[in-house]
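*Asks:* My structure is below; once you've seen it, I'll send some questions.
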Amino acid sequence: MSSFIESTIRGFARAFSNSLLAEAAASRPGLLQQLDPRVRLAGIMVLVISTVVCRQIAVIAVLFLLAAGMATASGLPVMLLAKRVWAVILGFTGLIALPALFLTPGDPLLTIPARHLAISSQGLRAAALLVLRVETAATLTTTLVLCTPWTHLLKALRSLHLPAELVVMLAMTHRYVFLLIGTANQMFESRQSRSVGVLSGAEQRKMAARTAGVLLSKSVEMSHEVYLAMLSRGFRGDIHLWTDFRMRVRDYLGLTAFIFAGLVAVWIGR
Amino acid sequence: MHIPDGYLSPSTCATLYALAAAGWYSALGQIKRRLATRTIPLISVFAAFSFVVMMFNVPLPGGTTGHAVGVAVAAIVLGPWGSMLSISIALAIQALFFGDGGITTLGANCFNMAIVGSFVAYGVYCVIGRGTDLRSRRRVLAAAAAGYVAINASAFVTALEFGIQPALFHDPSGSPLYAPYPLRVAIPAMMIGHLAVAGLAEGVISAGMVSYLQRADLMLLRGVENPARESETALPPANRQSPRRLWWVVASLMLLTPLGILAAGSAWGEWSSNELASRQTRAHIESASGNQAAPASAPAGLQRLSNVWTAPFPRYAPKFIKNPAFGYLLSAMFAVGFLGLASLLTGFAGRRRWTIGERS
Amino acid sequence: MDRTVGKLTPTFAGQNVSFSYEGIPAIRELSFQIEPGERIALLGANGSGKSTLLRILDALCFPSSGSVRFRGEPLNQDRLQDQQFALNFRRQVALVFQNPDVQLFNPTVFDEVAYGPLQLQWGREDLVRRVEQMLDFMGISPLKDRPPYRLSGGEKKKVALASVLVLDPEVLLLDEPTATLDPKSQSQVIDLIQQWKGTSKTVVTATHQLETVEDIADRVLVLEAGGVIAAGPPSEILSNPDLLLRANLIHAHRHSHGAVVHSHPHLHGHSRHEHDH
């Protein structure tokens, strides 16, 4: 059994579970779900930008707590966030930031004489800033995505003046990603069941490339058919999108709250 | 190579977003001109395909696995503009939907992988594969090289973005506010992983797919924009004088550049203000100038202006290179590479190669 | 289009239509006439040209030689450039593709059914009302906000049908509508087609499933290698095994009944058949 096939198939399965998770969370009654998708998008964007602009660790920490609070109030369990976001980032960015403790020049905080290493306070600050920022931003965006149906997110982007063509392309790409994942999954599974014994490295590479090649041909072929289907239903080049968003009082309040929080954070944390 | 939020400063993000936006805007215009109403389904489905290929765990020589971006194949099949757009869309979906890569850094990621990657891949593929038969082995090698070089170019640009953060963005006490490593750490750290693993993954997938297409779907290799006849190749026909020969000439000249060291002193008229102050140099100048005496010190204007600009490679030797011969060689390689890339880019931007666009 | 002319002018009239794709001929010198209100079955094996013919009828590709007319109007690239004519044509003639995934390119079921009306720029309230009515009619209202990749084969087919029927077209072109469907969905689709019998709707169905032909068509055109080899009412065509064999719609292989082994043309899909030996 080729391990690369297995790990690739596992990756595919994860993509599907991700989408199911998003659908489940989006239908739960929670804090964010009460707000118009445009407000959700704009508000979270404001907070993410504030997180990146802020320079004080304490303020970013508050933003993190705010993000975590919003997430739980919107129906996302803490364990889920911890497993999917916080632990992953701690492992990845934490590891990247670790050498910075020792490499950043500055006032030594902690010395390890045996190894002639010193942790500088600047290094500690830099590492903490980086990890905290990444965690906060990721919590915010994950909350947004898991609490909003994908189609609403896209249509919200349109109202933020993203060109209609790009929105339609994002929508269509997303729709066909799952179809192609299914096709690729089938191809891999059938190859896995056909192969006897362990394949050599070169054979495995050939299989990966071949699967990709077949997928490419099928994809382009399918895009031609989709084009014909679009023409058949009257497509002539203009984009007409269907949106059903209406702003209510609570949406205006929510938007104001987001912007206020963002501005305060940037001001205090400058 | 997907940069998360928090690694780059707001101004870095904004600048790269602006560059990326310029790229997307131009790409959309170019593609619509060539594909007209076919644009949406073709670019979208191709973006979906790129997304799925990015998920493949490519087995590599040595037992490791790596992930490819698919930028080389995209550039080959769709051309650089189409590739730019598709890969950007795939990256956007990765960031928005799967949290792979940040939102404030989406512009940067698209610039590094989709824009720089597409143009470098396309350029390398054209340079190596131009004029050869669609089914030739050279095309497969061209694709492998295109993939490998493009990924490493993307990684290099990413490393540059990381590396300048500490110097430009730090708090009063000196702690870096964003990515904490300077260039001399960031560049090797990024490049090692990509030279050894990710670049290979890209090369393997690109070569393998081109090889497959050569057997199974030659039409695609021609490039989807060109509904050309069997006899035509996808790239513009080579000039009668094969450019290959020209590249060999350039390469040999590059290798011979260290000979410049043999020439002692500075060329006539190229003296710096320091040299004019030295008695020894003035003696040389006199003997080389038909016994005309050199001025006693550097003219005031020269003194003033000589501090305005310091070249990146002063005296053809970057600071960290100790050996002057190697310094010459490096300078030459850098210059040729830079000029080559610049000419390729301006050539593509200006030329209207794809004259056959389908109207709906 | 002027409906009063419809009684006299054939809906579709093809003269010596030929079409090649990448050098391979798909349709050879086909001439045909389809009257308004007819229900036609295009019978043929894969590769016989039936899908191609449907696409030509839907003006998605144009013949390399010969001509096709829709209600007297020529169907060619130039004519379709005219916005008014094109939008009118797209509303009146609907094609349901064999592969529903290519026809379901919108993010949700509602978006999909609303797509056609949106292109034709219907008013907002009208649009919502008609779309919801159609979803109700097809029994897929609960699927309104589902993305296509979370639908079963039968559900996808219903969404595809809903998305074209919402425009109330006069002509329906169906490419293998019952292939790959489970028996229940198959019968639901066949019921739908049967409902159109006797109405002014013209229906052209391409299929290779012989058992459905009686229910869905009044006239059959048998296609083989891009040409029509026979035409007539279903009863006549279906009772001609040599014809069906030639068109690769049935097969003859050896099979056994108890101790007797023989071979004759037959069609699988029934578990037992009886005949004299």
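Starting from 1 in every chain, residues are counted up; chains themselves are A, B, ... following the order of the structure tokens, and ligands are numbered from 1 as listed.
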Any chance you could list, as a VMD selection string, the residues in range 92-159 of chain C that come up alpha helix (DSSP H) when DSSP is run on the backbone?
*Replies:* chain C and resid 92 100 to 103 109 to 119 124 to 137 153 to 159
*Asks:* From a DSSP calculation on the backbone, collect every residue of range 26-184 of chain C in strand (DSSP E or B) and output the set as a count of residues only.
*Replies:* 31
*Asks:* Got a sec: who's within 12 Å of Ala212 in chain A, counting only C-alpha atoms, leaving out chain neighbours fewer than 6 positions off, as JSON, numbers by chain?
*Replies:* {"A": [180, 181, 183, 184, 185, 187, 188, 205, 206, 218, 219], "B": [49, 50, 51, 52, 53, 54, 55, 56, 57, 58, 68, 69, 70, 73, 204, 205, 206, 207, 208, 209, 210, 211, 212, 213]}
*Asks:* Now that the selection is made, can you save its residues with C-alpha atoms as a short mmCIF file (atom, residue, chain, number, x, y, z; two decimals), in the first residue's frame?
*Replies:*
```cif
data_model
loop_
_atom_site.label_atom_id
_atom_site.label_comp_id
_atom_site.auth_asym_id
_atom_site.auth_seq_id
_atom_site.Cartn_x
_atom_site.Cartn_y
_atom_site.Cartn_z
CA LEU A 180 -12.79 16.96 -8.41
CA ILE A 181 -11.78 15.80 -4.96
CA THR A 183 -12.96 12.09 -8.77
CA ALA A 184 -9.37 12.12 -7.55
CA ASN A 185 -10.37 10.11 -4.50
CA MET A 187 -8.91 7.28 -8.91
CA PHE A 188 -6.59 6.87 -5.96
CA ARG A 205 5.74 9.36 -8.62
CA LYS A 206 4.47 8.16 -11.95
CA LYS A 218 -11.16 15.65 -17.27
CA SER A 219 -11.26 19.09 -15.71
CA PHE B 49 -8.03 21.42 -10.33
CA SER B 50 -5.03 23.38 -8.97
CA PHE B 51 -6.58 23.28 -5.53
CA VAL B 52 -6.88 19.51 -5.66
CA VAL B 53 -3.34 19.05 -7.00
CA MET B 54 -2.06 21.17 -4.10
CA MET B 55 -3.44 18.47 -1.84
CA PHE B 56 -1.42 15.67 -3.41
CA ASN B 57 1.34 14.25 -1.28
CA VAL B 58 4.01 13.82 -3.95
CA ALA B 68 3.27 21.00 -5.36
CA VAL B 69 1.47 24.19 -6.29
CA GLY B 70 0.86 23.27 -9.92
CA VAL B 73 1.47 23.25 -15.45
CA VAL B 204 8.20 15.99 -10.51
CA ILE B 205 4.52 16.81 -10.92
CA SER B 206 5.13 19.25 -13.77
CA ALA B 207 7.34 16.85 -15.69
CA GLY B 208 5.05 13.91 -15.05
CA MET B 209 1.97 15.77 -16.20
CA VAL B 210 3.58 17.10 -19.35
CA SER B 211 4.78 13.59 -20.12
CA TYR B 212 1.25 12.28 -19.63
CA LEU B 213 -0.27 14.99 -21.79
#
```
*Asks:* Measuring atom to atom with only C-alpha atoms, identify which of C:Gln103, C:Ser31, C:Thr11, C:Gln92 is nearest to chain B.
*Replies:* C:Gln103
*Asks:* Given a cut-off of 7 Å, which residues of chain A touch chain B, counting only C-alpha atoms, written out as a VMD selection string?
*Replies:* chain A and resid 4 7 to 8 11 52 to 53 100 122 to 123 125 to 126 129 to 130 133 to 134 137 142 145 169 to 170 172 to 174 176 to 177 180 to 181 201 204 to 206 208 to 210 212 to 213 216 219 to 220 223 226 to 227 237
*Asks:* Only residues of chain C matter here; which ones have an atom within 10 Å of chain A, counting only C-alpha atoms? Give them as a PyMOL selection string.
*Replies:* chain C and resi 55+58-61+81+83+86-91+93-97+99-108+110-111+114-121+124+145-150+163-164+167
*Asks:* Could you give me, as a PyMOL selection string, the residues within 12 Å of Ser50 in chain A, counting only C-alpha atoms and dropping anything in the same chain fewer than 2 positions from it?
*Replies:* (chain A and resi 43-48+52-56+59-60+62-64+133+136-137+140+258-270) or (chain B and resi 5-6+9-10+104)
*Asks:* May I have the residues from that selection written out with N, CA and C atoms, as a short mmCIF file (atom, residue, chain, number, x, y, z; two decimals), in the first residue's frame?
*Replies:*
```cif
data_model
loop_
_atom_site.label_atom_id
_atom_site.label_comp_id
_atom_site.auth_asym_id
_atom_site.auth_seq_id
_atom_site.Cartn_x
_atom_site.Cartn_y
_atom_site.Cartn_z
N GLY A 43 -16.85 43.22 9.84
CA GLY A 43 -16.46 43.32 11.25
C GLY A 43 -15.24 42.48 11.56
N ILE A 44 -15.25 41.22 11.11
CA ILE A 44 -14.11 40.35 11.40
C ILE A 44 -12.86 40.87 10.69
N MET A 45 -13.03 41.39 9.48
CA MET A 45 -11.88 41.95 8.76
C MET A 45 -11.27 43.09 9.57
N VAL A 46 -12.15 43.97 10.10
CA VAL A 46 -11.65 45.09 10.91
C VAL A 46 -10.83 44.58 12.09
N LEU A 47 -11.34 43.55 12.74
CA LEU A 47 -10.62 43.02 13.91
C LEU A 47 -9.30 42.36 13.51
N VAL A 48 -9.29 41.67 12.38
CA VAL A 48 -8.04 41.04 11.93
C VAL A 48 -7.00 42.12 11.62
N VAL A 52 -3.28 42.92 13.38
CA VAL A 52 -1.98 43.03 12.69
C VAL A 52 -1.34 44.39 12.93
N VAL A 53 -2.17 45.42 13.12
CA VAL A 53 -1.62 46.76 13.30
C VAL A 53 -1.11 47.00 14.73
N CYS A 54 -1.81 46.39 15.67
CA CYS A 54 -1.47 46.57 17.09
C CYS A 54 -0.03 46.24 17.41
N ARG A 55 0.54 46.99 18.38
CA ARG A 55 1.92 46.70 18.74
C ARG A 55 2.09 46.26 20.19
N GLN A 56 1.00 46.28 20.95
CA GLN A 56 1.12 45.91 22.36
C GLN A 56 0.60 44.50 22.58
N VAL A 59 -2.86 44.25 24.40
CA VAL A 59 -4.05 44.54 23.60
C VAL A 59 -4.39 43.35 22.70
N ILE A 60 -3.36 42.76 22.10
CA ILE A 60 -3.62 41.61 21.23
C ILE A 60 -4.20 40.46 22.05
N VAL A 62 -6.11 40.75 24.61
CA VAL A 62 -7.53 41.05 24.80
C VAL A 62 -8.32 40.72 23.55
N LEU A 63 -7.77 41.06 22.40
CA LEU A 63 -8.44 40.73 21.14
C LEU A 63 -8.62 39.22 21.01
N PHE A 64 -7.60 38.48 21.48
CA PHE A 64 -7.69 37.02 21.40
C PHE A 64 -8.86 36.53 22.23
N ARG A 133 -0.41 36.98 17.67
CA ARG A 133 -1.05 37.57 16.50
C ARG A 133 -1.64 36.50 15.61
N THR A 136 -4.70 34.85 17.19
CA THR A 136 -5.89 35.70 17.20
C THR A 136 -6.51 35.81 15.82
N ALA A 137 -5.67 36.10 14.84
CA ALA A 137 -6.19 36.25 13.48
C ALA A 137 -6.84 34.97 13.00
N LEU A 140 -10.22 34.44 14.59
CA LEU A 140 -11.23 35.30 13.99
C LEU A 140 -11.71 34.75 12.64
N PHE A 258 -18.09 46.42 16.15
CA PHE A 258 -16.85 45.90 15.57
C PHE A 258 -15.86 47.03 15.31
N ILE A 259 -16.36 48.06 14.61
CA ILE A 259 -15.46 49.16 14.23
C ILE A 259 -14.90 49.84 15.48
N PHE A 260 -15.78 50.04 16.46
CA PHE A 260 -15.34 50.67 17.71
C PHE A 260 -14.24 49.85 18.37
N ALA A 261 -14.49 48.55 18.49
CA ALA A 261 -13.49 47.69 19.13
C ALA A 261 -12.16 47.75 18.39
N GLY A 262 -12.24 47.72 17.07
CA GLY A 262 -11.02 47.77 16.27
C GLY A 262 -10.25 49.05 16.47
N LEU A 263 -10.97 50.17 16.44
CA LEU A 263 -10.30 51.46 16.58
C LEU A 263 -9.67 51.61 17.95
N VAL A 264 -10.42 51.20 18.98
CA VAL A 264 -9.89 51.29 20.35
C VAL A 264 -8.62 50.46 20.47
N ALA A 265 -8.66 49.27 19.92
CA ALA A 265 -7.50 48.39 20.00
C ALA A 265 -6.29 49.02 19.32
N VAL A 266 -6.52 49.58 18.15
CA VAL A 266 -5.40 50.18 17.42
C VAL A 266 -4.86 51.40 18.18
N TRP A 267 -5.78 52.17 18.79
CA TRP A 267 -5.33 53.38 19.48
C TRP A 267 -4.53 53.04 20.72
N ILE A 268 -5.07 52.16 21.53
CA ILE A 268 -4.37 51.79 22.76
C ILE A 268 -3.10 51.02 22.45
N GLY A 269 -3.15 50.26 21.41
CA GLY A 269 -2.02 49.37 21.13
C GLY A 269 -1.00 49.94 20.18
N ARG A 270 -0.98 51.26 20.01
CA ARG A 270 -0.10 51.80 18.97
C ARG A 270 1.36 51.87 19.45
N ASP B 5 -1.51 35.18 8.71
CA ASP B 5 -1.63 36.55 9.23
C ASP B 5 -0.67 36.73 10.40
N GLY B 6 -0.03 37.90 10.45
CA GLY B 6 0.80 38.21 11.61
C GLY B 6 2.29 38.18 11.32
N SER B 9 4.08 42.97 8.22
CA SER B 9 3.52 44.22 8.74
C SER B 9 2.40 44.72 7.84
N PRO B 10 1.55 45.59 8.38
CA PRO B 10 0.44 46.11 7.58
C PRO B 10 0.90 46.77 6.29
N THR B 104 -4.90 38.85 5.55
CA THR B 104 -4.14 40.06 5.27
C THR B 104 -2.94 39.74 4.38
#
```
